[in-house]
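Student: So here's start-v2.pdb, just PDB, C-alpha atoms, pLDDT in the B column:
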MODEL        1
ATOM      1  CA  GLY A1485      33.491 -91.148 -56.175  1.00 86.00           C
ATOM      2  CA  LEU A1486      33.146 -89.746 -52.662  1.00 87.00           C
ATOM      3  CA  LEU A1487      35.327 -92.565 -51.335  1.00 90.00           C
ATOM      4  CA  ALA A1488      37.974 -92.113 -54.042  1.00 89.00           C
ATOM      5  CA  PRO A1489      40.837 -91.190 -51.640  1.00 88.00           C
ATOM      6  CA  TRP A1490      40.299 -94.474 -49.785  1.00 90.00           C
ATOM      7  CA  LEU A1491      39.288 -96.768 -52.668  1.00 91.00           C
ATOM      8  CA  ALA A1492      41.931 -95.682 -55.191  1.00 89.00           C
ATOM      9  CA  PRO A1493      44.870 -98.125 -55.155  1.00 89.00           C
ATOM     10  CA  TYR A1494      47.437 -95.445 -56.131  1.00 90.00           C
ATOM     11  CA  GLY A1495      47.930 -91.709 -56.067  1.00 88.00           C
ATOM     12  CA  ILE A1496      46.343 -89.812 -58.912  1.00 88.00           C
ATOM     13  CA  GLU A1497      49.733 -88.749 -60.300  1.00 88.00           C
ATOM     14  CA  ASP A1498      51.703 -91.920 -59.472  1.00 89.00           C
ATOM     15  CA  MET A1499      53.581 -93.031 -62.609  1.00 89.00           C
ATOM     16  CA  ASP A1500      55.162 -96.330 -63.576  1.00 86.00           C
ATOM     17  CA  LEU A1501      57.016 -95.831 -66.850  1.00 85.00           C
ATOM     18  CA  MET A1502      57.752 -99.553 -67.010  1.00 86.00           C
ATOM     19  CA  ALA A1503      53.998-100.251 -67.167  1.00 85.00           C
ATOM     20  CA  ARG A1504      52.869 -97.784 -69.818  1.00 88.00           C
ATOM     21  CA  LEU A1505      49.733 -98.521 -71.858  1.00 88.00           C
ATOM     22  CA  VAL A1506      48.909-101.782 -70.075  1.00 89.00           C
ATOM     23  CA  PRO A1507      45.557-103.070 -71.448  1.00 91.00           C
ATOM     24  CA  PRO A1508      42.655-103.567 -69.021  1.00 91.00           C
ATOM     25  CA  PHE A1509      41.957-106.947 -67.387  1.00 89.00           C
ATOM     26  CA  THR A1510      45.479-108.202 -68.116  1.00 86.00           C
ATOM     27  CA  HIS A1511      47.319-107.129 -64.960  1.00 83.00           C
ATOM     28  CA  LEU A1512      46.072-107.505 -61.396  1.00 85.00           C
ATOM     29  CA  ALA A1513      47.878-104.356 -60.307  1.00 86.00           C
ATOM     30  CA  HIS A1514      46.016-102.307 -62.944  1.00 89.00           C
ATOM     31  CA  PRO A1515      42.560-103.840 -63.571  1.00 91.00           C
ATOM     32  CA  LEU A1516      41.504-101.052 -65.963  1.00 91.00           C
ATOM     33  CA  GLY A1517      44.934-100.617 -67.500  1.00 89.00           C
ATOM     34  CA  THR A1518      47.321 -97.662 -67.503  1.00 91.00           C
ATOM     35  CA  ASP A1519      47.689 -94.538 -69.599  1.00 89.00           C
ATOM     36  CA  GLU A1520      50.585 -93.154 -71.653  1.00 87.00           C
ATOM     37  CA  LEU A1521      52.508 -92.204 -68.485  1.00 88.00           C
ATOM     38  CA  GLY A1522      51.908 -95.456 -66.646  1.00 89.00           C
ATOM     39  CA  ARG A1523      49.244 -93.948 -64.367  1.00 91.00           C
ATOM     40  CA  ASP A1524      46.524 -96.283 -63.117  1.00 92.00           C
ATOM     41  CA  VAL A1525      43.267 -95.678 -65.034  1.00 92.00           C
ATOM     42  CA  LEU A1526      41.073 -96.961 -62.178  1.00 93.00           C
ATOM     43  CA  THR A1527      42.652 -94.502 -59.742  1.00 93.00           C
ATOM     44  CA  ARG A1528      42.229 -91.565 -62.098  1.00 93.00           C
ATOM     45  CA  LEU A1529      38.670 -92.661 -62.888  1.00 93.00           C
ATOM     46  CA  LEU A1530      37.619 -92.665 -59.224  1.00 94.00           C
ATOM     47  CA  HIS A1531      39.083 -89.217 -58.627  1.00 93.00           C
ATOM     48  CA  SER A1532      37.562 -87.934 -61.884  1.00 92.00           C
ATOM     49  CA  ILE A1533      34.084 -89.143 -60.929  1.00 92.00           C
ATOM     50  CA  ARG A1534      34.453 -87.406 -57.573  1.00 92.00           C
ATOM     51  CA  LEU A1535      35.467 -84.050 -59.063  1.00 92.00           C
ATOM     52  CA  SER A1536      32.949 -84.136 -61.939  1.00 90.00           C
ATOM     53  CA  PHE A1537      30.060 -84.909 -59.627  1.00 91.00           C
ATOM     54  CA  LEU A1538      31.080 -82.331 -57.025  1.00 91.00           C
ATOM     55  CA  LEU A1539      31.264 -79.658 -59.739  1.00 90.00           C
ATOM     56  CA  ALA A1540      27.883 -80.724 -61.135  1.00 89.00           C
ATOM     57  CA  VAL A1541      26.229 -80.718 -57.690  1.00 90.00           C
ATOM     58  CA  THR A1542      27.691 -77.313 -56.781  1.00 91.00           C
ATOM     59  CA  GLY A1543      26.686 -75.803 -60.130  1.00 89.00           C
ATOM     60  CA  THR A1544      23.178 -77.242 -59.870  1.00 89.00           C
ATOM     61  CA  ILE A1545      22.622 -75.870 -56.360  1.00 91.00           C
ATOM     62  CA  LEU A1546      23.972 -72.412 -57.216  1.00 91.00           C
ATOM     63  CA  GLY A1547      21.918 -72.256 -60.412  1.00 90.00           C
ATOM     64  CA  ALA A1548      18.808 -73.250 -58.466  1.00 90.00           C
ATOM     65  CA  LEU A1549      19.442 -70.580 -55.790  1.00 91.00           C
ATOM     66  CA  ILE A1550      20.048 -67.802 -58.349  1.00 91.00           C
ATOM     67  CA  GLY A1551      17.142 -68.763 -60.588  1.00 91.00           C
ATOM     68  CA  THR A1552      14.684 -69.297 -57.728  1.00 90.00           C
ATOM     69  CA  THR A1553      15.558 -65.934 -56.151  1.00 90.00           C
ATOM     70  CA  LEU A1554      15.154 -64.050 -59.431  1.00 91.00           C
ATOM     71  CA  GLY A1555      11.921 -65.899 -60.161  1.00 90.00           C
ATOM     72  CA  PHE A1556      10.490 -64.849 -56.782  1.00 87.00           C
ATOM     73  CA  LEU A1557      11.530 -61.239 -57.364  1.00 88.00           C
ATOM     74  CA  ALA A1558       9.921 -61.212 -60.810  1.00 89.00           C
ATOM     75  CA  ALA A1559       6.665 -62.667 -59.484  1.00 85.00           C
ATOM     76  CA  ARG A1560       6.499 -60.394 -56.448  1.00 81.00           C
ATOM     77  CA  PHE A1561       7.376 -57.007 -57.952  1.00 83.00           C
ATOM     78  CA  GLY A1562       6.432 -57.438 -61.630  1.00 80.00           C
ATOM     79  CA  GLY A1563       6.919 -54.437 -63.897  1.00 85.00           C
ATOM     80  CA  LEU A1564      10.514 -53.635 -64.762  1.00 90.00           C
ATOM     81  CA  THR A1565      11.843 -56.385 -62.501  1.00 87.00           C
ATOM     82  CA  ASP A1566       9.727 -58.983 -64.277  1.00 88.00           C
ATOM     83  CA  ASP A1567      10.735 -57.625 -67.689  1.00 90.00           C
ATOM     84  CA  ALA A1568      14.438 -57.674 -66.783  1.00 92.00           C
ATOM     85  CA  VAL A1569      14.320 -61.270 -65.516  1.00 91.00           C
ATOM     86  CA  ASN A1570      12.349 -62.410 -68.566  1.00 89.00           C
ATOM     87  CA  MET A1571      14.822 -60.676 -70.860  1.00 91.00           C
ATOM     88  CA  GLY A1572      17.729 -62.394 -69.106  1.00 89.00           C
ATOM     89  CA  VAL A1573      15.983 -65.760 -69.420  1.00 88.00           C
ATOM     90  CA  ASP A1574      15.302 -65.210 -73.146  1.00 88.00           C
ATOM     91  CA  VAL A1575      18.876 -64.102 -73.851  1.00 86.00           C
ATOM     92  CA  THR A1576      20.371 -67.055 -71.973  1.00 83.00           C
ATOM     93  CA  ALA A1577      18.048 -69.519 -73.698  1.00 81.00           C
ATOM     94  CA  SER A1578      18.730 -68.128 -77.173  1.00 83.00           C
ATOM     95  CA  LEU A1579      22.556 -68.181 -77.020  1.00 81.00           C
ATOM     96  CA  PRO A1580      24.612 -71.304 -77.850  1.00 83.00           C
ATOM     97  CA  PHE A1581      25.802 -71.834 -74.291  1.00 83.00           C
ATOM     98  CA  ILE A1582      29.154 -73.358 -75.182  1.00 84.00           C
ATOM     99  CA  ILE A1583      30.049 -70.091 -76.959  1.00 84.00           C
ATOM    100  CA  LEU A1584      29.032 -68.103 -73.875  1.00 84.00           C
ATOM    101  CA  ALA A1585      31.072 -70.429 -71.656  1.00 87.00           C
ATOM    102  CA  LEU A1586      34.171 -70.062 -73.833  1.00 86.00           C
ATOM    103  CA  THR A1587      33.760 -66.272 -73.739  1.00 86.00           C
ATOM    104  CA  ILE A1588      33.607 -66.263 -69.929  1.00 86.00           C
ATOM    105  CA  ILE A1589      36.693 -68.488 -69.741  1.00 87.00           C
ATOM    106  CA  ALA A1590      38.565 -66.219 -72.157  1.00 85.00           C
ATOM    107  CA  PHE A1591      38.090 -63.279 -69.762  1.00 86.00           C
ATOM    108  CA  LEU A1592      38.262 -65.011 -66.372  1.00 85.00           C
ATOM    109  CA  GLY A1593      40.538 -68.020 -66.952  1.00 83.00           C
ATOM    110  CA  THR A1594      40.109 -71.716 -66.209  1.00 80.00           C
ATOM    111  CA  ASP A1595      40.049 -71.712 -62.420  1.00 85.00           C
ATOM    112  CA  ILE A1596      37.681 -74.169 -60.709  1.00 87.00           C
ATOM    113  CA  SER A1597      35.616 -71.264 -59.334  1.00 88.00           C
ATOM    114  CA  VAL A1598      35.109 -70.004 -62.905  1.00 89.00           C
ATOM    115  CA  ILE A1599      33.900 -73.454 -63.995  1.00 89.00           C
ATOM    116  CA  ILE A1600      31.403 -73.467 -61.108  1.00 89.00           C
ATOM    117  CA  VAL A1601      30.138 -69.998 -62.104  1.00 88.00           C
ATOM    118  CA  ILE A1602      29.653 -71.169 -65.685  1.00 89.00           C
ATOM    119  CA  MET A1603      27.701 -74.204 -64.518  1.00 88.00           C
ATOM    120  CA  ALA A1604      25.522 -72.007 -62.299  1.00 86.00           C
ATOM    121  CA  VAL A1605      24.812 -69.649 -65.207  1.00 86.00           C
ATOM    122  CA  TYR A1606      23.960 -72.660 -67.379  1.00 84.00           C
ATOM    123  CA  GLY A1607      20.902 -73.661 -65.372  1.00 80.00           C
ATOM    124  CA  TRP A1608      19.534 -70.519 -63.737  1.00 87.00           C
ATOM    125  CA  ASP A1609      17.019 -69.603 -66.467  1.00 87.00           C
ATOM    126  CA  ARG A1610      15.028 -72.835 -66.071  1.00 87.00           C
ATOM    127  CA  TYR A1611      14.587 -72.269 -62.348  1.00 89.00           C
ATOM    128  CA  ALA A1612      13.755 -68.581 -62.823  1.00 90.00           C
ATOM    129  CA  ARG A1613      11.033 -69.306 -65.374  1.00 89.00           C
ATOM    130  CA  LEU A1614       9.541 -72.140 -63.312  1.00 88.00           C
ATOM    131  CA  THR A1615       9.643 -70.219 -60.017  1.00 88.00           C
ATOM    132  CA  ARG A1616       8.175 -67.078 -61.588  1.00 88.00           C
ATOM    133  CA  ASN A1617       5.202 -68.947 -63.030  1.00 86.00           C
ATOM    134  CA  LEU A1618       4.499 -70.936 -59.875  1.00 83.00           C
ATOM    135  CA  ALA A1619       4.937 -67.938 -57.564  1.00 83.00           C
ATOM    136  CA  ARG A1620       2.640 -65.799 -59.718  1.00 82.00           C
ATOM    137  CA  SER A1621       0.019 -68.527 -59.408  1.00 79.00           C
ATOM    138  CA  ALA A1622       0.378 -68.309 -55.619  1.00 74.00           C
ATOM    139  CA  TYR A1623      -0.250 -64.551 -55.707  1.00 72.00           C
ATOM    140  CA  THR A1624      -3.158 -65.068 -58.108  1.00 73.00           C
ATOM    141  CA  GLU A1625      -4.790 -67.560 -55.753  1.00 70.00           C
ATOM    142  CA  GLY A1626      -4.854 -64.835 -53.117  1.00 70.00           C
ATOM    143  CA  TYR A1627      -3.299 -66.454 -50.070  1.00 71.00           C
ATOM    144  CA  ALA A1628       0.046 -64.711 -50.579  1.00 72.00           C
ATOM    145  CA  GLY A1629      -1.693 -61.342 -50.929  1.00 73.00           C
ATOM    146  CA  ALA A1630      -3.765 -62.027 -47.834  1.00 79.00           C
ATOM    147  CA  LEU A1631      -0.616 -62.738 -45.828  1.00 78.00           C
ATOM    148  CA  GLU A1632       0.882 -59.442 -47.001  1.00 75.00           C
ATOM    149  CA  CYS A1633      -2.235 -57.617 -45.817  1.00 80.00           C
ATOM    150  CA  LEU A1634      -1.628 -59.137 -42.389  1.00 80.00           C
ATOM    151  CA  GLY A1635       1.791 -57.485 -42.336  1.00 79.00           C
ATOM    152  CA  ILE A1636       3.899 -60.615 -42.825  1.00 79.00           C
ATOM    153  CA  PRO A1637       7.255 -59.779 -44.522  1.00 80.00           C
ATOM    154  CA  THR A1638       7.663 -60.754 -48.164  1.00 75.00           C
ATOM    155  CA  MET A1639      10.698 -62.938 -47.444  1.00 78.00           C
ATOM    156  CA  ARG A1640       8.812 -64.951 -44.849  1.00 81.00           C
ATOM    157  CA  ILE A1641       5.871 -65.427 -47.214  1.00 78.00           C
ATOM    158  CA  ALA A1642       8.229 -66.700 -49.889  1.00 78.00           C
ATOM    159  CA  MET A1643      10.186 -69.048 -47.612  1.00 79.00           C
ATOM    160  CA  ARG A1644       7.400 -70.327 -45.354  1.00 80.00           C
ATOM    161  CA  HIS A1645       4.369 -70.442 -47.615  1.00 77.00           C
ATOM    162  CA  ILE A1646       5.189 -70.279 -51.334  1.00 79.00           C
ATOM    163  CA  LEU A1647       8.458 -72.237 -51.460  1.00 80.00           C
ATOM    164  CA  PRO A1648       7.061 -75.402 -49.765  1.00 79.00           C
ATOM    165  CA  ASN A1649       4.260 -75.467 -52.334  1.00 77.00           C
ATOM    166  CA  ILE A1650       6.642 -75.336 -55.315  1.00 80.00           C
ATOM    167  CA  ALA A1651       9.588 -77.255 -53.810  1.00 80.00           C
ATOM    168  CA  SER A1652       8.637 -80.539 -55.490  1.00 79.00           C
ATOM    169  CA  ALA A1653       8.723 -78.950 -58.954  1.00 81.00           C
ATOM    170  CA  LEU A1654      12.118 -77.366 -58.216  1.00 84.00           C
ATOM    171  CA  VAL A1655      13.584 -80.657 -56.959  1.00 83.00           C
ATOM    172  CA  VAL A1656      12.372 -82.447 -60.083  1.00 81.00           C
ATOM    173  CA  ASN A1657      13.934 -79.740 -62.228  1.00 83.00           C
ATOM    174  CA  MET A1658      17.245 -80.102 -60.370  1.00 85.00           C
ATOM    175  CA  THR A1659      17.405 -83.874 -60.872  1.00 83.00           C
ATOM    176  CA  LEU A1660      16.518 -83.569 -64.569  1.00 80.00           C
ATOM    177  CA  ASN A1661      19.063 -80.762 -65.049  1.00 84.00           C
ATOM    178  CA  PHE A1662      21.915 -82.626 -63.349  1.00 85.00           C
ATOM    179  CA  PRO A1663      22.917 -84.804 -66.360  1.00 86.00           C
ATOM    180  CA  GLY A1664      23.280 -81.650 -68.438  1.00 85.00           C
ATOM    181  CA  MET A1665      25.703 -80.289 -65.839  1.00 88.00           C
ATOM    182  CA  ILE A1666      27.890 -83.379 -66.118  1.00 88.00           C
ATOM    183  CA  LEU A1667      27.900 -83.126 -69.910  1.00 88.00           C
ATOM    184  CA  LEU A1668      28.768 -79.411 -69.732  1.00 89.00           C
ATOM    185  CA  GLU A1669      31.775 -80.054 -67.499  1.00 88.00           C
ATOM    186  CA  THR A1670      32.789 -82.956 -69.728  1.00 89.00           C
ATOM    187  CA  SER A1671      32.572 -80.802 -72.860  1.00 88.00           C
ATOM    188  CA  LEU A1672      34.646 -77.960 -71.403  1.00 89.00           C
ATOM    189  CA  SER A1673      37.326 -80.308 -70.059  1.00 87.00           C
ATOM    190  CA  PHE A1674      37.410 -82.249 -73.331  1.00 87.00           C
ATOM    191  CA  LEU A1675      38.108 -78.989 -75.167  1.00 85.00           C
ATOM    192  CA  GLY A1676      40.940 -78.254 -72.746  1.00 84.00           C
ATOM    193  CA  VAL A1677      39.335 -75.212 -71.103  1.00 85.00           C
ATOM    194  CA  GLY A1678      37.777 -76.946 -68.108  1.00 84.00           C
ATOM    195  CA  VAL A1679      39.502 -78.779 -65.278  1.00 86.00           C
ATOM    196  CA  GLN A1680      43.274 -78.425 -65.596  1.00 86.00           C
ATOM    197  CA  PRO A1681      46.065 -80.866 -64.563  1.00 83.00           C
ATOM    198  CA  PRO A1682      47.081 -82.067 -62.065  1.00 83.00           C
ATOM    199  CA  MET A1683      43.356 -82.336 -61.262  1.00 87.00           C
ATOM    200  CA  SER A1684      41.388 -84.814 -63.338  1.00 88.00           C
ATOM    201  CA  SER A1685      37.739 -85.058 -64.397  1.00 90.00           C
ATOM    202  CA  LEU A1686      35.852 -87.360 -66.728  1.00 90.00           C
ATOM    203  CA  GLY A1687      36.162 -84.834 -69.549  1.00 89.00           C
ATOM    204  CA  THR A1688      39.893 -84.437 -68.935  1.00 90.00           C
ATOM    205  CA  MET A1689      40.431 -88.201 -69.189  1.00 91.00           C
ATOM    206  CA  LEU A1690      38.362 -88.314 -72.352  1.00 90.00           C
ATOM    207  CA  GLY A1691      40.334 -85.455 -73.882  1.00 88.00           C
ATOM    208  CA  PHE A1692      43.718 -87.017 -73.122  1.00 88.00           C
ATOM    209  CA  GLY A1693      42.581 -90.396 -74.416  1.00 89.00           C
ATOM    210  CA  ARG A1694      41.424 -89.216 -77.839  1.00 87.00           C
ATOM    211  CA  ASP A1695      45.018 -89.243 -79.140  1.00 86.00           C
ATOM    212  CA  TYR A1696      45.330 -92.934 -78.243  1.00 89.00           C
ATOM    213  CA  LEU A1697      42.051 -94.315 -79.605  1.00 87.00           C
ATOM    214  CA  THR A1698      43.818 -96.552 -82.120  1.00 87.00           C
ATOM    215  CA  THR A1699      46.592 -97.747 -79.810  1.00 88.00           C
ATOM    216  CA  ALA A1700      45.154 -97.582 -76.267  1.00 90.00           C
ATOM    217  CA  TRP A1701      41.374 -97.310 -76.625  1.00 92.00           C
ATOM    218  CA  TRP A1702      40.679 -97.889 -72.917  1.00 92.00           C
ATOM    219  CA  ILE A1703      42.074 -94.485 -71.885  1.00 92.00           C
ATOM    220  CA  ALA A1704      39.105 -92.755 -73.573  1.00 91.00           C
ATOM    221  CA  VAL A1705      36.502 -95.554 -73.676  1.00 93.00           C
ATOM    222  CA  VAL A1706      36.464 -96.242 -69.928  1.00 93.00           C
ATOM    223  CA  PRO A1707      35.613 -92.639 -68.890  1.00 92.00           C
ATOM    224  CA  GLY A1708      33.276 -92.393 -71.893  1.00 92.00           C
ATOM    225  CA  VAL A1709      31.279 -95.389 -70.657  1.00 94.00           C
ATOM    226  CA  VAL A1710      31.166 -93.895 -67.149  1.00 93.00           C
ATOM    227  CA  ILE A1711      29.832 -90.594 -68.560  1.00 92.00           C
ATOM    228  CA  VAL A1712      27.055 -92.440 -70.402  1.00 92.00           C
ATOM    229  CA  LEU A1713      26.136 -94.507 -67.345  1.00 92.00           C
ATOM    230  CA  SER A1714      26.241 -91.457 -65.060  1.00 89.00           C
ATOM    231  CA  THR A1715      23.961 -89.294 -67.192  1.00 88.00           C
ATOM    232  CA  LEU A1716      21.616 -92.212 -67.893  1.00 90.00           C
ATOM    233  CA  SER A1717      21.325 -93.166 -64.213  1.00 90.00           C
ATOM    234  CA  MET A1718      20.704 -89.563 -63.150  1.00 86.00           C
ATOM    235  CA  SER A1719      18.006 -89.225 -65.817  1.00 84.00           C
ATOM    236  CA  ILE A1720      16.343 -92.355 -64.433  1.00 87.00           C
ATOM    237  CA  VAL A1721      16.575 -90.946 -60.903  1.00 85.00           C
ATOM    238  CA  GLY A1722      15.033 -87.687 -62.161  1.00 80.00           C
ATOM    239  CA  ASP A1723      12.094 -89.540 -63.707  1.00 81.00           C
ATOM    240  CA  TRP A1724      11.606 -91.507 -60.475  1.00 84.00           C
ATOM    241  CA  VAL A1725      11.653 -88.337 -58.362  1.00 81.00           C
ATOM    242  CA  GLN A1726       9.151 -86.712 -60.717  1.00 77.00           C
ATOM    243  CA  GLN A1727       6.770 -89.655 -60.360  1.00 80.00           C
ATOM    244  CA  LYS A1728       7.083 -89.589 -56.557  1.00 78.00           C
ATOM    245  CA  LEU A1729       6.668 -85.832 -56.100  1.00 73.00           C
ATOM    246  CA  GLU A1730       4.215 -85.121 -58.929  1.00 65.00           C
ATOM    247  CA  PRO A1731       1.416 -87.719 -59.005  1.00 58.00           C
ATOM    248  CA  ALA A1732       0.105 -86.203 -62.253  1.00 59.00           C
ATOM    249  CA  ALA A1733       3.305 -87.354 -63.990  1.00 54.00           C
ATOM    250  CA  ARG A1734       2.660 -91.033 -63.261  1.00 54.00           C
TER
ENDMDL
END
Kindly transcribe the structure held in the file into structure tokens.
Tutor:
Amino acid sequence: GLLAPWLAPYGIEDMDLMARLVPPFTHLAHPLGTDELGRDVLTRLLHSIRLSFLLAVTGTILGALIGTTLGFLAARFGGLTDDAVNMGVDVTASLPFIILALTIIAFLGTDISVIIVIMAVYGWDRYARLTRNLARSAYTEGYAGALECLGIPTMRIAMRHILPNIASALVVNMTLNFPGMILLETSLSFLGVGVQPPMSSLGTMLGFGRDYLTTAWWIAVVPGVVIVLSTLSMSIVGDWVQQKLEPAAR
């Protein structure tokens, strides 16, 4: 996906109306076939993988930053801050997220930045809950409180002493949350409210191909198979990371 601009044999919007709906594995010029406009499916697939993964990575990182920060604040200050963060976590976890995402899109539009914000909102509650619990344990054990008594700033305690101790759990959570990010982007684009043309994502390809399932199945099946393989492989990577970073999980 990262090498899509160099690996793709054609431009993403290059059309050949004389080669519309060419089946896969029947033409050397189009190994995965063409779509209803004669565009090369392999080219669009490479660019779609690139965009879907970049959106998922960006959303995962932003969600982790927001959730980890709020979790630290809740653990450090407690009281109203802790109650507010916990209430936000409970509300986010209780809502059907696709409804919340559609509401945000209705007000803010379908720009790429809006999609990234939605993906960040999707995952923040998991990181906030995990960070809050682990950071509170650090304060309970006493070493964080002892450092405060020595006059060390709260931010430095969090970044230099607490965060390294909980980083493995956060990394595991990020790898396990990543497949959900891909499926979220796919769902929004499939519904037509995610990535908009001329850009293409896996969900966009799937959405366009649903009208041709009986006549040109490869337009939807090829990106569908890639979605399954992507989420499955990232889940396997998440399990492997968990076993490496958390010996108790072995």
Student: Pull out every residue that the PyMOL selection byres ((chain A and resi 1517) around 10) matches in the shown coordinates and put them as a compact mmCIF listing (two decimals) with C-alpha atoms, keeping the file's coordinate frame.
Tutor:
# COMPACT_ATOMS: atom_id res chain seq x y z
CA ALA A 1503 54.00 -100.25 -67.17
CA ARG A 1504 52.87 -97.78 -69.82
CA LEU A 1505 49.73 -98.52 -71.86
CA VAL A 1506 48.91 -101.78 -70.08
CA PRO A 1507 45.56 -103.07 -71.45
CA PRO A 1508 42.66 -103.57 -69.02
CA PHE A 1509 41.96 -106.95 -67.39
CA THR A 1510 45.48 -108.20 -68.12
CA HIS A 1511 47.32 -107.13 -64.96
CA LEU A 1512 46.07 -107.50 -61.40
CA ALA A 1513 47.88 -104.36 -60.31
CA HIS A 1514 46.02 -102.31 -62.94
CA PRO A 1515 42.56 -103.84 -63.57
CA LEU A 1516 41.50 -101.05 -65.96
CA THR A 1518 47.32 -97.66 -67.50
CA ASP A 1519 47.69 -94.54 -69.60
CA GLY A 1522 51.91 -95.46 -66.65
CA ARG A 1523 49.24 -93.95 -64.37
CA ASP A 1524 46.52 -96.28 -63.12
CA VAL A 1525 43.27 -95.68 -65.03
CA LEU A 1526 41.07 -96.96 -62.18
CA ALA A 1700 45.15 -97.58 -76.27
CA TRP A 1702 40.68 -97.89 -72.92
CA ILE A 1703 42.07 -94.48 -71.89
CA VAL A 1706 36.46 -96.24 -69.93
Student: Measuring between all atoms listed in the file, which one of A:Val1656, A:Ala1488, A:Ala1704, A:Ala1559 shows the shortest distance to Thr1624 of chain A?
Tutor: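 Closest to Thr1624 of chain A, using all atoms listed in the file: A:Ala1559.
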Student: So what does the PyMOL selection byres ((chain A and resi 1570-1584) around 9) actually pick up in this one, as a PyMOL selection string?
Tutor: chain A and resi 1558+1565-1569+1585-1589+1602+1605-1606+1608-1610+1612-1613+1668+1671-1672
Student: Between A:Leu1539, A:Ile1646, A:Val1598, A:Leu1654, single out the one closest to Glu1625 of chain A, counting only C-alpha atoms.
Tutor: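 Nearest candidate to Glu1625 of chain A out of A:Leu1539, A:Ile1646, A:Val1598, A:Leu1654: A:Ile1646.
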Student: What does the distance from atom CA of Gly1551 of chain A to atom CA of Ala1622 of chain A come to in Å, to one decimal?
Tutor: 17.5 Å
Student: Between A:Pro1682, A:Gly1495, A:Gly1555, A:Gly1543, which has the minimum distance to Gly1607 of chain A (counting only C-alpha atoms)?
Tutor: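 Of the candidates, the smallest distance to Gly1607 of chain A is held by A:Gly1543.
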Student: Residues near Leu1530 of chain A, anyone? I mean within 7 Å using all atoms listed in the file, not counting same-chain ones fewer than 3 positions away, as a ChimeraX atom specification.
Tutor: /A:1485,1488,1492,1526-1527,1533-1534
Student: Counting all atoms listed in the file, which residues come within 12 Å of (40.5, -76.6, -69.6), with the point read in the file's coordinates, and could you list them as a PyMOL selection string?
Tutor: chain A and resi 1585-1586+1589-1590+1593-1596+1598-1599+1669-1685+1687-1689+1691-1692
Student: Residues within 10 Å of (27.8, -81.1, -62.3), file coordinates, counting all atoms listed in the file: what are they? Give the list as a VMD selection string.
Tutor: chain A and resid 1535 to 1545 1599 to 1600 1603 to 1604 1661 to 1670
Student: Using all atoms listed in the file, find the one residue out of A:Arg1528, A:Tyr1627, A:Val1709, A:Asp1723 that sits nearest to Leu1491 of chain A.
Tutor: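 Under the stated criterion, the closest residue is A:Arg1528.
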Student: Regenerate segment 1648-1657 of chain A at the level of N, CA, C and O atoms and dump it as a PDB file, in the frame of the given file.
Tutor:
ATOM      1  N   PRO A1648       7.461 -74.001 -49.993  1.00 79.00           N
ATOM      2  CA  PRO A1648       7.061 -75.402 -49.765  1.00 79.00           C
ATOM      3  C   PRO A1648       6.073 -75.925 -50.801  1.00 79.00           C
ATOM      4  O   PRO A1648       6.061 -77.128 -51.100  1.00 79.00           O
ATOM      5  N   ASN A1649       5.245 -75.028 -51.356  1.00 77.00           N
ATOM      6  CA  ASN A1649       4.260 -75.467 -52.334  1.00 77.00           C
ATOM      7  C   ASN A1649       4.871 -75.739 -53.714  1.00 77.00           C
ATOM      8  O   ASN A1649       4.277 -76.467 -54.513  1.00 77.00           O
ATOM      9  N   ILE A1650       6.019 -75.146 -54.006  1.00 80.00           N
ATOM     10  CA  ILE A1650       6.642 -75.336 -55.315  1.00 80.00           C
ATOM     11  C   ILE A1650       7.945 -76.125 -55.220  1.00 80.00           C
ATOM     12  O   ILE A1650       8.613 -76.337 -56.229  1.00 80.00           O
ATOM     13  N   ALA A1651       8.303 -76.578 -54.004  1.00 80.00           N
ATOM     14  CA  ALA A1651       9.588 -77.255 -53.810  1.00 80.00           C
ATOM     15  C   ALA A1651       9.688 -78.528 -54.642  1.00 80.00           C
ATOM     16  O   ALA A1651      10.751 -78.843 -55.188  1.00 80.00           O
ATOM     17  N   SER A1652       8.578 -79.282 -54.746  1.00 79.00           N
ATOM     18  CA  SER A1652       8.637 -80.539 -55.490  1.00 79.00           C
ATOM     19  C   SER A1652       8.994 -80.296 -56.953  1.00 79.00           C
ATOM     20  O   SER A1652       9.803 -81.031 -57.533  1.00 79.00           O
ATOM     21  N   ALA A1653       8.415 -79.257 -57.553  1.00 81.00           N
ATOM     22  CA  ALA A1653       8.723 -78.950 -58.954  1.00 81.00           C
ATOM     23  C   ALA A1653      10.180 -78.531 -59.114  1.00 81.00           C
ATOM     24  O   ALA A1653      10.841 -78.894 -60.096  1.00 81.00           O
ATOM     25  N   LEU A1654      10.713 -77.785 -58.154  1.00 84.00           N
ATOM     26  CA  LEU A1654      12.118 -77.366 -58.216  1.00 84.00           C
ATOM     27  C   LEU A1654      13.064 -78.554 -58.060  1.00 84.00           C
ATOM     28  O   LEU A1654      14.079 -78.641 -58.761  1.00 84.00           O
ATOM     29  N   VAL A1655      12.742 -79.477 -57.157  1.00 83.00           N
ATOM     30  CA  VAL A1655      13.584 -80.657 -56.959  1.00 83.00           C
ATOM     31  C   VAL A1655      13.600 -81.513 -58.225  1.00 83.00           C
ATOM     32  O   VAL A1655      14.648 -82.017 -58.649  1.00 83.00           O
ATOM     33  N   VAL A1656      12.441 -81.686 -58.831  1.00 81.00           N
ATOM     34  CA  VAL A1656      12.372 -82.447 -60.083  1.00 81.00           C
ATOM     35  C   VAL A1656      13.224 -81.787 -61.152  1.00 81.00           C
ATOM     36  O   VAL A1656      13.970 -82.448 -61.892  1.00 81.00           O
ATOM     37  N   ASN A1657      13.141 -80.464 -61.235  1.00 83.00           N
ATOM     38  CA  ASN A1657      13.934 -79.740 -62.228  1.00 83.00           C
ATOM     39  C   ASN A1657      15.436 -79.906 -61.974  1.00 83.00           C
ATOM     40  O   ASN A1657      16.232 -80.028 -62.919  1.00 83.00           O
TER      41      ASN A1657
END
